[in-house]
Structures are given as C-alpha cells and as structure tokens.
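Quick look at input-v5.txt (compact mmCIF, C-alpha atoms and all ligand atoms):
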# COMPACT_ATOMS: atom_id res chain seq x y z
CA MET Y 1 21.32 81.08 146.43
CA HIS Y 2 17.84 82.02 145.17
CA PRO Y 3 18.17 83.53 141.64
CA LYS Y 4 16.25 86.66 142.73
CA ALA Y 5 18.70 87.20 145.61
CA GLY Y 6 21.50 86.93 143.01
CA ASN Y 7 19.69 89.47 140.83
CA ILE Y 8 19.68 92.00 143.67
CA LEU Y 9 23.51 92.02 143.50
CA ARG Y 10 23.24 93.41 139.98
CA LEU Y 11 21.27 96.40 141.28
CA PHE Y 12 23.84 97.67 143.80
CA PRO Y 13 25.57 100.71 142.29
CA GLU Y 14 29.22 100.26 141.28
CA ASP Y 15 30.26 103.27 143.39
CA ASN Y 16 29.13 101.40 146.57
CA GLY Y 17 26.18 103.76 146.99
CA PHE Y 18 22.64 102.98 148.15
CA VAL Y 19 19.82 101.38 146.18
CA SER Y 20 16.29 101.87 147.45
CA GLY Y 21 14.06 98.94 148.42
CA GLU Y 22 11.40 100.40 146.14
CA HIS Y 23 13.77 100.32 143.15
CA ILE Y 24 14.69 96.69 143.85
CA SER Y 25 11.07 95.65 144.23
CA ARG Y 26 10.11 97.40 140.97
CA GLU Y 27 13.07 95.98 139.00
CA LEU Y 28 12.55 92.40 140.20
CA GLY Y 29 8.76 92.54 140.24
CA VAL Y 30 8.54 91.36 143.87
CA SER Y 31 7.06 92.82 147.07
CA ARG Y 32 9.09 94.85 149.59
CA THR Y 33 8.75 91.92 152.03
CA ALA Y 34 10.29 89.60 149.44
CA VAL Y 35 13.15 92.09 148.93
CA TRP Y 36 13.82 92.02 152.66
CA LYS Y 37 13.83 88.17 152.63
CA HIS Y 38 16.36 88.12 149.78
CA ILE Y 39 18.56 90.65 151.59
CA THR Y 40 18.46 88.40 154.66
CA ALA Y 41 19.44 85.41 152.48
CA LEU Y 42 22.38 87.36 151.05
CA ARG Y 43 23.52 88.27 154.56
CA GLY Y 44 23.28 84.58 155.48
CA ALA Y 45 25.58 83.80 152.52
CA GLY Y 46 28.23 86.18 153.90
CA TYR Y 47 27.33 89.53 152.25
CA MET Y 48 27.53 92.53 154.56
CA ILE Y 49 24.62 94.77 153.60
CA GLU Y 50 23.81 98.00 155.38
CA ALA Y 51 20.14 99.02 155.58
CA VAL Y 52 19.29 102.67 156.25
CA PRO Y 53 15.66 103.86 156.46
CA SER Y 54 14.72 106.22 153.62
CA ARG Y 55 17.99 105.52 151.74
CA GLY Y 56 17.79 101.76 151.17
CA TYR Y 57 20.53 99.16 151.02
CA ARG Y 58 24.29 99.41 150.54
CA LEU Y 59 26.63 96.50 149.78
CA VAL Y 60 29.57 96.83 152.18
CA THR Y 61 31.55 93.62 151.53
CA SER Y 62 31.05 90.43 149.51
CA PRO Y 63 32.30 86.91 150.32
CA ASP Y 64 34.54 85.22 147.75
CA LEU Y 65 31.92 82.85 146.34
CA LEU Y 66 32.21 81.45 142.84
CA GLU Y 67 28.48 81.00 142.31
CA SER Y 68 26.82 81.56 138.98
CA GLU Y 69 24.38 84.26 140.24
CA VAL Y 70 27.30 86.18 141.74
CA VAL Y 71 29.50 86.04 138.63
CA LYS Y 72 26.50 86.71 136.37
CA SER Y 73 25.51 89.78 138.39
CA LYS Y 74 28.73 91.44 137.20
CA LEU Y 75 28.69 90.22 133.59
CA ARG Y 76 28.10 92.75 130.82
CA THR Y 77 28.40 90.36 127.91
CA GLY Y 78 26.51 89.59 124.73
CA ARG Y 79 27.70 86.01 124.22
CA ILE Y 80 30.10 84.77 126.86
CA GLY Y 81 28.56 83.43 130.06
CA GLN Y 82 24.89 83.57 129.04
CA ARG Y 83 25.03 80.01 130.35
CA LEU Y 84 27.38 79.75 133.31
CA VAL Y 85 27.97 76.49 135.15
CA CYS Y 86 29.74 76.83 138.52
CA LEU Y 87 30.92 73.61 140.13
CA LYS Y 88 32.41 72.96 143.55
CA ARG Y 89 34.80 70.35 142.20
CA THR Y 90 35.38 68.66 138.87
CA LEU Y 91 38.11 66.65 137.15
CA SER Y 92 38.84 69.48 134.76
CA THR Y 93 36.65 72.34 133.55
CA ASN Y 94 37.95 71.62 130.04
CA VAL Y 95 36.67 68.03 130.24
CA GLU Y 96 33.30 69.25 131.54
CA ALA Y 97 33.00 72.00 128.90
CA PHE Y 98 33.98 69.52 126.15
CA ARG Y 99 31.22 67.15 127.31
CA LEU Y 100 28.65 69.97 127.35
CA ALA Y 101 29.76 71.13 123.89
CA GLU Y 102 29.40 67.59 122.51
CA ASP Y 103 25.85 67.63 123.91
CA GLY Y 104 25.19 70.84 121.94
CA ALA Y 105 25.95 73.58 124.51
CA ALA Y 106 25.63 77.02 122.95
CA GLU Y 107 28.55 79.24 122.05
CA GLY Y 108 29.60 81.25 125.09
CA THR Y 109 28.82 78.53 127.66
CA VAL Y 110 31.25 78.86 130.58
CA VAL Y 111 32.27 76.27 133.17
CA ILE Y 112 34.00 77.45 136.35
CA ALA Y 113 35.11 75.28 139.27
CA ASP Y 114 36.25 75.95 142.81
CA ALA Y 115 38.75 73.07 142.50
CA GLN Y 116 39.93 70.59 139.84
CA SER Y 117 41.05 67.09 140.78
CA ALA Y 118 42.78 66.48 137.41
CA GLY Y 119 43.51 69.97 136.05
CA LYS Y 120 45.18 69.70 132.64
CA GLY Y 121 48.18 71.72 131.51
CA ARG Y 122 49.81 71.84 128.07
CA ARG Y 123 51.81 68.85 126.81
CA GLY Y 124 50.02 66.44 129.16
CA ARG Y 125 51.23 68.22 132.30
CA VAL Y 126 49.16 68.59 135.46
CA TRP Y 127 47.73 72.03 136.34
CA SER Y 128 47.79 72.42 140.08
CA SER Y 129 44.23 73.35 141.11
CA PRO Y 130 43.72 73.72 144.87
CA CYS Y 131 40.29 74.58 146.22
CA GLY Y 132 38.94 78.09 146.79
CA VAL Y 133 41.92 80.20 145.74
CA ASN Y 134 42.23 80.45 141.95
CA LEU Y 135 40.23 80.70 138.76
CA TYR Y 136 39.70 77.54 136.69
CA CYS Y 137 37.48 78.36 133.76
CA SER Y 138 36.59 76.93 130.33
CA VAL Y 139 34.61 78.62 127.57
CA VAL Y 140 32.84 76.97 124.62
CA LEU Y 141 33.23 78.81 121.30
CA ARG Y 142 31.91 77.85 117.87
CA PRO Y 143 33.75 80.17 115.46
CA GLN Y 144 33.47 79.77 111.70
CA ILE Y 145 37.22 79.65 111.06
CA MET Y 146 39.54 76.96 109.74
CA PRO Y 147 40.97 74.48 112.29
CA HIS Y 148 44.55 75.74 111.72
CA GLU Y 149 43.38 79.22 112.80
CA ALA Y 150 42.16 78.00 116.21
CA PRO Y 151 45.39 79.09 118.01
CA GLN Y 152 44.25 82.68 117.33
CA LEU Y 153 41.67 82.17 120.06
CA THR Y 154 44.30 81.20 122.63
CA PHE Y 155 46.12 84.45 121.86
CA LEU Y 156 42.80 86.22 122.30
CA SER Y 157 42.29 84.66 125.74
CA ALA Y 158 45.84 85.60 126.80
CA VAL Y 159 45.02 89.23 125.99
CA ALA Y 160 41.75 88.97 127.98
CA VAL Y 161 43.64 87.60 131.01
CA ALA Y 162 46.30 90.34 130.76
CA ARG Y 163 43.62 93.05 130.53
CA ALA Y 164 41.79 91.58 133.55
CA ILE Y 165 45.00 91.54 135.64
CA GLU Y 166 45.59 95.19 134.75
CA ALA Y 167 42.00 96.10 135.61
CA THR Y 168 42.00 94.38 139.01
CA THR Y 169 45.57 94.99 140.28
CA ALA Y 170 48.39 97.49 139.84
CA LEU Y 171 50.56 94.73 138.31
CA LYS Y 172 52.01 94.77 134.80
CA PRO Y 173 51.38 91.41 133.10
CA GLU Y 174 53.38 90.23 130.08
CA ILE Y 175 52.62 87.42 127.67
CA LYS Y 176 55.24 84.82 126.77
CA TRP Y 177 54.91 82.84 123.56
CA PRO Y 178 53.02 80.70 123.05
CA ASN Y 179 50.62 81.58 125.81
CA ASP Y 180 51.86 82.01 129.35
CA VAL Y 181 50.93 85.14 131.25
CA LEU Y 182 53.79 86.35 133.43
CA ILE Y 183 54.33 88.82 136.25
CA VAL Y 184 57.98 89.86 136.62
CA GLY Y 185 59.01 86.79 134.63
CA LYS Y 186 56.99 84.28 136.70
CA LYS Y 187 54.00 82.37 135.34
CA VAL Y 188 50.66 83.50 136.76
CA ALA Y 189 48.26 82.06 134.18
CA GLY Y 190 48.16 79.26 131.61
CA LEU Y 191 45.85 78.56 128.70
CA LEU Y 192 44.82 75.26 127.18
CA ASN Y 193 42.87 75.38 123.96
CA GLU Y 194 41.17 72.10 122.93
CA MET Y 195 39.11 71.53 119.81
CA SER Y 196 36.67 69.23 118.04
CA SER Y 197 36.97 69.65 114.28
CA GLU Y 198 36.65 68.10 110.84
CA THR Y 199 39.10 68.65 107.97
CA ASP Y 200 37.83 72.07 107.04
CA ARG Y 201 35.58 73.17 109.87
CA ILE Y 202 35.56 73.58 113.62
CA ASN Y 203 32.73 72.04 115.63
CA PHE Y 204 33.80 73.84 118.77
CA VAL Y 205 36.82 75.14 120.64
CA ILE Y 206 37.26 74.97 124.41
CA LEU Y 207 39.31 77.83 125.84
CA GLY Y 208 40.75 76.61 129.14
CA ILE Y 209 41.97 79.41 131.37
CA GLY Y 210 43.76 78.96 134.68
CA VAL Y 211 44.81 82.04 136.69
CA ASN Y 212 46.66 81.85 140.01
CA LEU Y 213 44.81 84.45 142.03
CA ASN Y 214 45.22 83.89 145.78
CA MET Y 215 47.50 80.86 145.85
CA THR Y 216 50.36 80.98 148.39
CA THR Y 217 53.92 79.60 148.04
CA ASP Y 218 53.14 76.44 150.05
CA GLN Y 219 50.30 75.54 147.65
CA PHE Y 220 52.57 75.20 144.60
CA PRO Y 221 53.98 71.75 143.78
CA ASP Y 222 57.73 71.34 144.46
CA ASP Y 223 58.62 70.13 140.96
CA LEU Y 224 57.59 73.20 138.91
CA ARG Y 225 59.55 73.50 135.64
CA HIS Y 226 59.39 77.30 135.57
CA PRO Y 227 58.97 79.87 138.35
CA ALA Y 228 55.32 80.49 139.14
CA THR Y 229 53.44 83.02 141.18
CA SER Y 230 49.98 84.35 142.02
CA LEU Y 231 48.43 87.81 142.00
CA LEU Y 232 48.29 87.72 145.81
CA MET Y 233 51.99 86.87 146.07
CA GLU Y 234 52.95 89.73 143.73
CA SER Y 235 50.57 92.44 144.92
CA GLY Y 236 50.05 91.51 148.58
CA SER Y 237 46.27 91.85 148.16
CA ARG Y 238 43.63 89.17 147.76
CA VAL Y 239 41.63 89.18 144.55
CA VAL Y 240 37.87 88.57 144.77
CA ARG Y 241 37.54 85.57 142.45
CA SER Y 242 34.03 86.36 141.19
CA SER Y 243 35.10 89.93 140.32
CA PHE Y 244 38.19 88.72 138.48
CA ALA Y 245 36.13 86.09 136.63
CA SER Y 246 33.54 88.61 135.49
CA VAL Y 247 36.11 91.23 134.45
CA MET Y 248 37.96 88.58 132.44
CA LEU Y 249 34.79 87.21 130.81
CA ASN Y 250 33.69 90.78 129.97
CA GLU Y 251 37.05 91.36 128.23
CA LEU Y 252 36.85 88.01 126.46
CA ASP Y 253 33.38 88.89 125.18
CA LYS Y 254 34.57 92.26 123.78
CA LEU Y 255 37.64 90.73 122.16
CA TYR Y 256 35.68 87.85 120.63
CA ALA Y 257 32.98 90.17 119.24
CA ASP Y 258 35.74 92.25 117.65
CA PHE Y 259 37.45 89.09 116.36
CA LEU Y 260 34.25 87.95 114.61
CA LEU Y 261 33.88 91.40 113.05
CA SER Y 262 37.46 92.36 112.19
CA GLY Y 263 39.44 89.10 112.28
CA PHE Y 264 42.72 88.36 114.05
CA ALA Y 265 44.61 91.62 113.30
CA PRO Y 266 43.52 93.67 116.39
CA VAL Y 267 44.21 90.76 118.79
CA ARG Y 268 47.56 90.09 117.15
CA ARG Y 269 48.58 93.75 117.50
CA GLU Y 270 47.70 93.89 121.19
CA TRP Y 271 49.24 90.47 121.87
CA GLN Y 272 52.51 91.61 120.28
CA GLN Y 273 52.55 94.83 122.31
CA ARG Y 274 52.02 92.82 125.47
CA CYS Y 275 54.60 90.14 124.60
CA ASN Y 276 57.71 90.02 126.83
CA ALA Y 277 59.85 89.70 123.67
CA ASN Y 278 58.46 92.80 121.95
CA GLY Y 279 61.38 94.78 120.47
CA ARG Y 280 63.90 92.31 121.95
CA GLN Y 281 66.41 89.70 120.81
CA VAL Y 282 65.31 86.13 121.52
CA ALA Y 283 66.83 82.66 121.49
CA VAL Y 284 64.63 79.64 120.85
CA SER Y 285 65.64 76.20 122.07
CA ASP Y 286 64.10 72.81 121.58
CA ALA Y 287 64.95 69.83 123.80
CA GLY Y 288 67.71 71.89 125.40
CA ALA Y 289 69.50 72.87 122.13
CA ASP Y 290 69.35 76.38 120.62
CA VAL Y 291 67.58 76.30 117.24
CA VAL Y 292 67.43 79.93 116.25
CA SER Y 293 68.23 83.37 117.61
CA GLY Y 294 67.37 86.83 116.33
CA MET Y 295 64.91 89.66 116.65
CA PHE Y 296 61.32 88.97 117.76
CA ALA Y 297 59.12 89.65 114.72
CA GLY Y 298 55.64 88.80 116.04
CA ILE Y 299 53.30 85.88 115.42
CA ASP Y 300 51.48 84.69 112.31
CA GLY Y 301 47.87 83.64 111.79
CA ASP Y 302 48.64 80.01 112.73
CA GLY Y 303 50.19 81.05 116.03
CA ALA Y 304 53.79 80.46 114.92
CA LEU Y 305 56.48 82.67 116.46
CA LEU Y 306 58.37 84.77 113.91
CA VAL Y 307 62.05 85.49 114.48
CA GLN Y 308 64.23 87.54 112.14
CA ASN Y 309 67.62 85.80 112.09
CA ASP Y 310 71.00 87.51 111.68
CA GLU Y 311 70.79 87.22 107.87
CA GLY Y 312 67.47 89.09 107.94
CA ARG Y 313 65.38 86.02 107.07
CA ILE Y 314 62.12 85.38 108.98
CA GLU Y 315 62.05 81.97 110.67
CA ARG Y 316 58.72 80.37 111.72
CA ILE Y 317 58.87 78.58 115.05
CA LEU Y 318 56.10 76.12 115.83
CA SER Y 319 57.36 74.78 119.15
CA GLY Y 320 60.16 75.40 121.58
CA ASP Y 321 61.21 77.49 124.54
CA VAL Y 322 61.78 81.20 123.96
CA ARG Y 323 64.25 83.20 126.03
CA VAL Y 324 64.65 86.95 125.85
CA VAL Y 325 68.39 87.63 125.59
C1 LIG Y 401 49.40 75.43 130.73
O1 LIG Y 401 50.01 74.37 130.79
O2 LIG Y 401 49.99 76.51 130.82
C2 LIG Y 401 47.92 75.44 130.51
C3 LIG Y 401 47.15 75.40 131.80
C4 LIG Y 401 45.64 75.50 131.62
C5 LIG Y 401 44.89 75.32 132.92
C6 LIG Y 401 43.42 75.56 132.79
S1 LIG Y 401 42.60 75.59 134.35
C7 LIG Y 401 41.06 75.58 133.56
C8 LIG Y 401 41.16 74.62 132.40
N1 LIG Y 401 40.90 73.27 132.85
C9 LIG Y 401 41.97 72.50 132.77
O3 LIG Y 401 42.01 71.30 133.10
N2 LIG Y 401 43.00 73.19 132.27
C10 LIG Y 401 42.63 74.55 131.97
Turn the structure described in the file into structure tokens.
Ligand code: BTN
Amino acid sequence: MHPKAGNILRLFPEDNGFVSGEHISRELGVSRTAVWKHITALRGAGYMIEAVPSRGYRLVTSPDLLESEVVKSKLRTGRIGQRLVCLKRTLSTNVEAFRLAEDGAAEGTVVIADAQSAGKGRRGRVWSSPCGVNLYCSVVLRPQIMPHEAPQLTFLSAVAVARAIEATTALKPEIKWPNDVLIVGKKVAGLLNEMSSETDRINFVILGIGVNLNMTTDQFPDDLRHPATSLLMESGSRVVRSSFASVMLNELDKLYADFLLSGFAPVRREWQQRCNANGRQVAVSDAGADVVSGMFAGIDGDGALLVQNDEGRIERILSGDVRVV
C-alpha cells in the first residue's frame, strides 16, 4: 500500500465519523485528486469507505491486514514501533528481530509476521503459528539494566498483553507464572524473551509475543501439553489483528516508558494483581514431583516466584509448574 494511503487511515476519526477531503489534502500536503486516488487504492485493498458530498469520507469496515501502514496508523507510541517490519512469512519473528538488533536496529523496532514456519516456544518447544489468524510479534529493547533483571521485561509484556485483551474483548485474562496469559485457565498467549548480553550489561532484549487471536480448535496441534484457546474461541467474535497489535504495542510503550522512569515496582504490582495465584494457595512441582506448597507471595526482581511455606518461610522458585490449589 502507498504510504500516503496508509496515512489517510490515521485521519479517520475514532468514533467512525466523517473526515473531509479538504482536511486530508491539507494534512498530507497532496491535491484533492491525489486524495481520491488514495481512497480508491484503500478500497482496492478491501477497505469499505463511504464518500458523501460536502461531508467527506467515512471508514465503514477494514480488512484484517497486518501491514505496517495499517498498524502504524493506530500507534500512539513514543518508542515502540517507530520502525515496524511486517512480513508475510518468516521462520520466527524472534530470529528476525535478533538479526536486525545485531545489525544495530534501534530500540523499539518491531517485527510482525502473518505466519511463522518455525515459531519458537519456551524450553525449545514449537509455537504453532498458522497463517492469517494470530499475532506473532517481536520487539527490540535496549534497556540499561543488569542481565539478571531482564525477566522483568517479560512480566511487563505479559501485563501489556493482558491489558490489550481487556481493551479489545469482554474477557478477563489472568497471568500464570512465569508468563502464560490464560482465559478461564486455558493458555491464550505465550512470551519468549531472548537476550544478547555481556557479564554486566545488556546489548539488547527481544520480547517475543504470541497471542492466539482467531485460531479455531482444528488449527491447534493434537499434542498440546496444556489446554489452549484463542480469543475467538472464548468470545465468539473475531479480533481485528492490526487493532489488537496496535493496542498491545501502545500498552507496551506506556509500560516501558514507566519502567524506565520508575523501575520494576509498578509492573510487579500490576502483574501480581493479575496473577491467577493472587491471594491463593499454590503447589509447585518439578519433573512431576511436588517441591513446595504454600501461599503465593509474589515475584522478585529476578522473576523468581515467591511462596510462603507452612512454617512462614519465603521460598524462591526459579523453575517448575505452579498449580493453584
Ligand atoms: C511459550 O512457550 O509460551 C512462548 C511462546 C512465544 C511465541 C512467540 S510468537 C512471536 C515470537 N516468535 C517466536 O518464534 N516465538 C515468539
């Protein structure tokens, strides 16, 4: 799509009202004939745009395209997504973002793909990434924190995903330690944080975010370890992927700006409130055997789960499976 056509999308009012041709031509610095050409191009790309003499243009419906002009038109960010790479297909957006970051890509660079042929999950698992239905997104960050503090950013992205689900659906997401986002106990999003660092400094962190938006039961692999779902399956309504992506990136931008200013405390507070174990008893198991049980007591700055055992002592859990009991 021509960048100017993409820029027109930005000018449609959020309340679905009209924008005049004169306003568009003034804002974009192009003639009224050029405006008309761009409107025609948008219609060709699947946008339904009403044109009414003396009132202007009104955006009636948008197609579900994950194109950078479309996502950018809804971004209200200072850092995240200033550079936005949208790909039809890639091995993994994390691999692509890592490569760009090694080549010097600026903080906030985002890679989004329509499909991944080798989507990566945690612990070397595969992240199922069919075409055209979900969000597969990776963000390059260059925070000045110590490498052991990098998990804080995965917690931050879990909060951004939860906020975006709340903003775009009527569903109530919960976060499960370390970083799964759940709807009624089923996994709807996963996060994979990868990093390039030296002993005492981070070169960059890649936040990998996968959200099951419009996936249907038949598109999930048969051998899932835990129950999984999508926003469509839980709400019955399709989610416009570009809208979800921009809402989530807007939230990520706000949270990250706050993180740079105030540190981890605000994210940690919100993460704990949103955690499925908040105020509950939990049991943690590793390789099938229970290792500790007690009261959920939050997370620490390294991302460890804190559990207060029956003697009142706080145990730090670095890995394992947490069940709410
Ligand atoms: C998990 O196992 O829960 C983490 C899944 C992370 C998936 C996302 S999709 C976008 C990014 N690219 C990848 O290859 N993985 C992450």
>> Using only C-alpha atoms, which protein or nucleic acid residues come within 12 Å of Phe259 of chain Y? Drop anything in the same chain fewer than 3 positions from it, and give the result as a list in words.
In response: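 Selected residues are Pro143, Gln144, Ile145, Gln152, Leu153, Phe155, Leu156, Ser157, Leu252, Asp253, Lys254, Leu255, Tyr256, Ser262, Gly263, Phe264, Ala265, Pro266, Val267 and Arg268 of chain Y.
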Produce a table with one row for each residue of chain Y that has an atom at most 8 Å from any atom of ligand LIG 401 (chain Y), each row naming the nearest atom pair and its distance in Å at one decimal; use all atoms listed in the file; arrange rows by chain and rising residue number; format as CSV.
residue,atom,partner,partner_atom,distance
Y:Leu91,CA,Y:LIG401,O3,7.3
Y:Ser92,CA,Y:LIG401,O3,4.0
Y:Thr93,CA,Y:LIG401,N1,4.4
Y:Asn94,CA,Y:LIG401,N1,4.4
Y:Val95,CA,Y:LIG401,O3,6.9
Y:Ile112,CA,Y:LIG401,C7,7.8
Y:Gln116,CA,Y:LIG401,O3,7.1
Y:Ala118,CA,Y:LIG401,O3,6.5
Y:Gly119,CA,Y:LIG401,O3,3.6
Y:Lys120,CA,Y:LIG401,O3,3.6
Y:Gly121,CA,Y:LIG401,O1,3.3
Y:Arg122,CA,Y:LIG401,O1,3.7
Y:Arg123,CA,Y:LIG401,O1,7.0
Y:Arg125,CA,Y:LIG401,O1,6.4
Y:Val126,CA,Y:LIG401,O1,7.5
Y:Trp127,CA,Y:LIG401,C5,5.5
Y:Ser129,CA,Y:LIG401,S1,7.3
Y:Leu135,CA,Y:LIG401,S1,7.2
Y:Tyr136,CA,Y:LIG401,C7,3.9
Y:Cys137,CA,Y:LIG401,C7,4.5
Y:Ser138,CA,Y:LIG401,C8,5.5
Y:Asn179,CA,Y:LIG401,O2,7.2
Y:Asp180,CA,Y:LIG401,O2,6.0
Y:Ala189,CA,Y:LIG401,O2,6.7
Y:Gly190,CA,Y:LIG401,O2,3.4
Y:Leu191,CA,Y:LIG401,C2,4.2
Y:Leu192,CA,Y:LIG401,C4,4.5
Y:Leu207,CA,Y:LIG401,C8,7.5
Y:Gly208,CA,Y:LIG401,C8,3.8
Y:Ile209,CA,Y:LIG401,C6,4.4
Y:Gly210,CA,Y:LIG401,S1,3.6
Y:Val211,CA,Y:LIG401,S1,7.2
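Computed from the coordinates, the atom CA of Gly56 of chain Y to atom CA of Lys72 of chain Y distance equals 22.8 Å.
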> From the set Y:Lys186, Y:Lys37, Y:Arg43, Y:Arg241, which residue has the shortest atom-to-atom contact distance to Ala113 of chain Y, counting only C-alpha atoms?
Replying inline: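 Among Y:Lys186, Y:Lys37, Y:Arg43, Y:Arg241, it is Y:Arg241 that comes nearest to Ala113 of chain Y.
Nearest to Thr169 of chain Y of all the residues Y:Arg201, Y:Arg269, Y:Arg238, Y:Arg142 is Y:Arg238, based on only C-alpha atoms.
The two atoms in question, atom CA of Thr40 of chain Y and atom CA of Glu67 of chain Y, are spaced 17.5 Å apart.
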>> as a ChimeraX atom specification, please: the residues near Met248 of chain Y (cut-off 7 Å, only C-alpha atoms, same-chain neighbours under 3 positions excluded).
In response: /Y:160-161,164,244-245,251-252
Written selection (C-alpha atoms) as a PDB file, keeping the file's coordinate frame:
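Resulting contents of again.pdb:
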ATOM      1  CA  ALA Y 160      41.750  88.970 127.980  1.00  0.00           C
ATOM      2  CA  VAL Y 161      43.640  87.600 131.010  1.00  0.00           C
ATOM      3  CA  ALA Y 164      41.790  91.580 133.550  1.00  0.00           C
ATOM      4  CA  PHE Y 244      38.190  88.720 138.480  1.00  0.00           C
ATOM      5  CA  ALA Y 245      36.130  86.090 136.630  1.00  0.00           C
ATOM      6  CA  GLU Y 251      37.050  91.360 128.230  1.00  0.00           C
ATOM      7  CA  LEU Y 252      36.850  88.010 126.460  1.00  0.00           C
TER       8      LEU Y 252
END
> In Å, how far is it from atom CA of Asn250 of chain Y to atom CA of Val133 of chain Y?
Replying inline: 20.7 Å
As lines of an AutoDock Vina configuration file, please report the centre and edge lengths, rounded to one decimal in Å, of the axis-aligned box that holds all listed atoms of segment 243-257 of chain Y with 3 Å of padding on each of the six sides.
center_x = 35.6
center_y = 89.2
center_z = 129.8
size_x = 11.2
size_y = 12.2
size_z = 27.1
> If we count only C-alpha atoms, what is near segment 99-103 of chain Y at a cut-off of 8 Å, once residues fewer than 3 positions away on the same chain are taken out, given as a PyMOL selection string?
Replying inline: chain Y and resi 95-96+106+140+204
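Omitting Val282 of chain Y and its sequence neighbours fewer than 5 positions away, and counting all atoms listed in the file, the residues within 6 Å are Ser293, Gly294, Arg323, Val324 and Val325 of chain Y.
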With C-alpha atoms retained, write the just-selected residues as a PDB file, in the coordinates of the input.
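Everything below was put into selection03.pdb:
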ATOM      1  CA  SER Y 293      68.230  83.370 117.610  1.00  0.00           C
ATOM      2  CA  GLY Y 294      67.370  86.830 116.330  1.00  0.00           C
ATOM      3  CA  ARG Y 323      64.250  83.200 126.030  1.00  0.00           C
ATOM      4  CA  VAL Y 324      64.650  86.950 125.850  1.00  0.00           C
ATOM      5  CA  VAL Y 325      68.390  87.630 125.590  1.00  0.00           C
TER       6      VAL Y 325
END
>> Using all atoms listed in the file, which protein or nucleic acid residues come within 8 Å of Ile299 of chain Y? Drop anything in the same chain fewer than 5 positions from it, and give the result as a ChimeraX atom specification.
In response: /Y:268,272,304-306
>> Could you check which residues have any atom within 7 Å of (28.2, 94.2, 148.4), counting only C-alpha atoms with coordinates taken straight from the file, and then list them as number ranges by chain?
In response: Y: 47-49, 58-62
> Pick from Y:Ala45, Y:Gln219, Y:Asp258, Y:Pro178: nearest to Val322 of chain Y, with all atoms listed in the file counted?
Replying inline: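 Using all atoms listed in the file, Val322 of chain Y sits closest to Y:Pro178.
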>> Taking only C-alpha atoms into account, name the residue in Y:Glu69, Y:Glu315, Y:Asp321, Y:Asp302 that is nearest to Arg10 of chain Y.
In response: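 Residue with the minimum atom-to-atom distance to Arg10 of chain Y: Y:Glu69.
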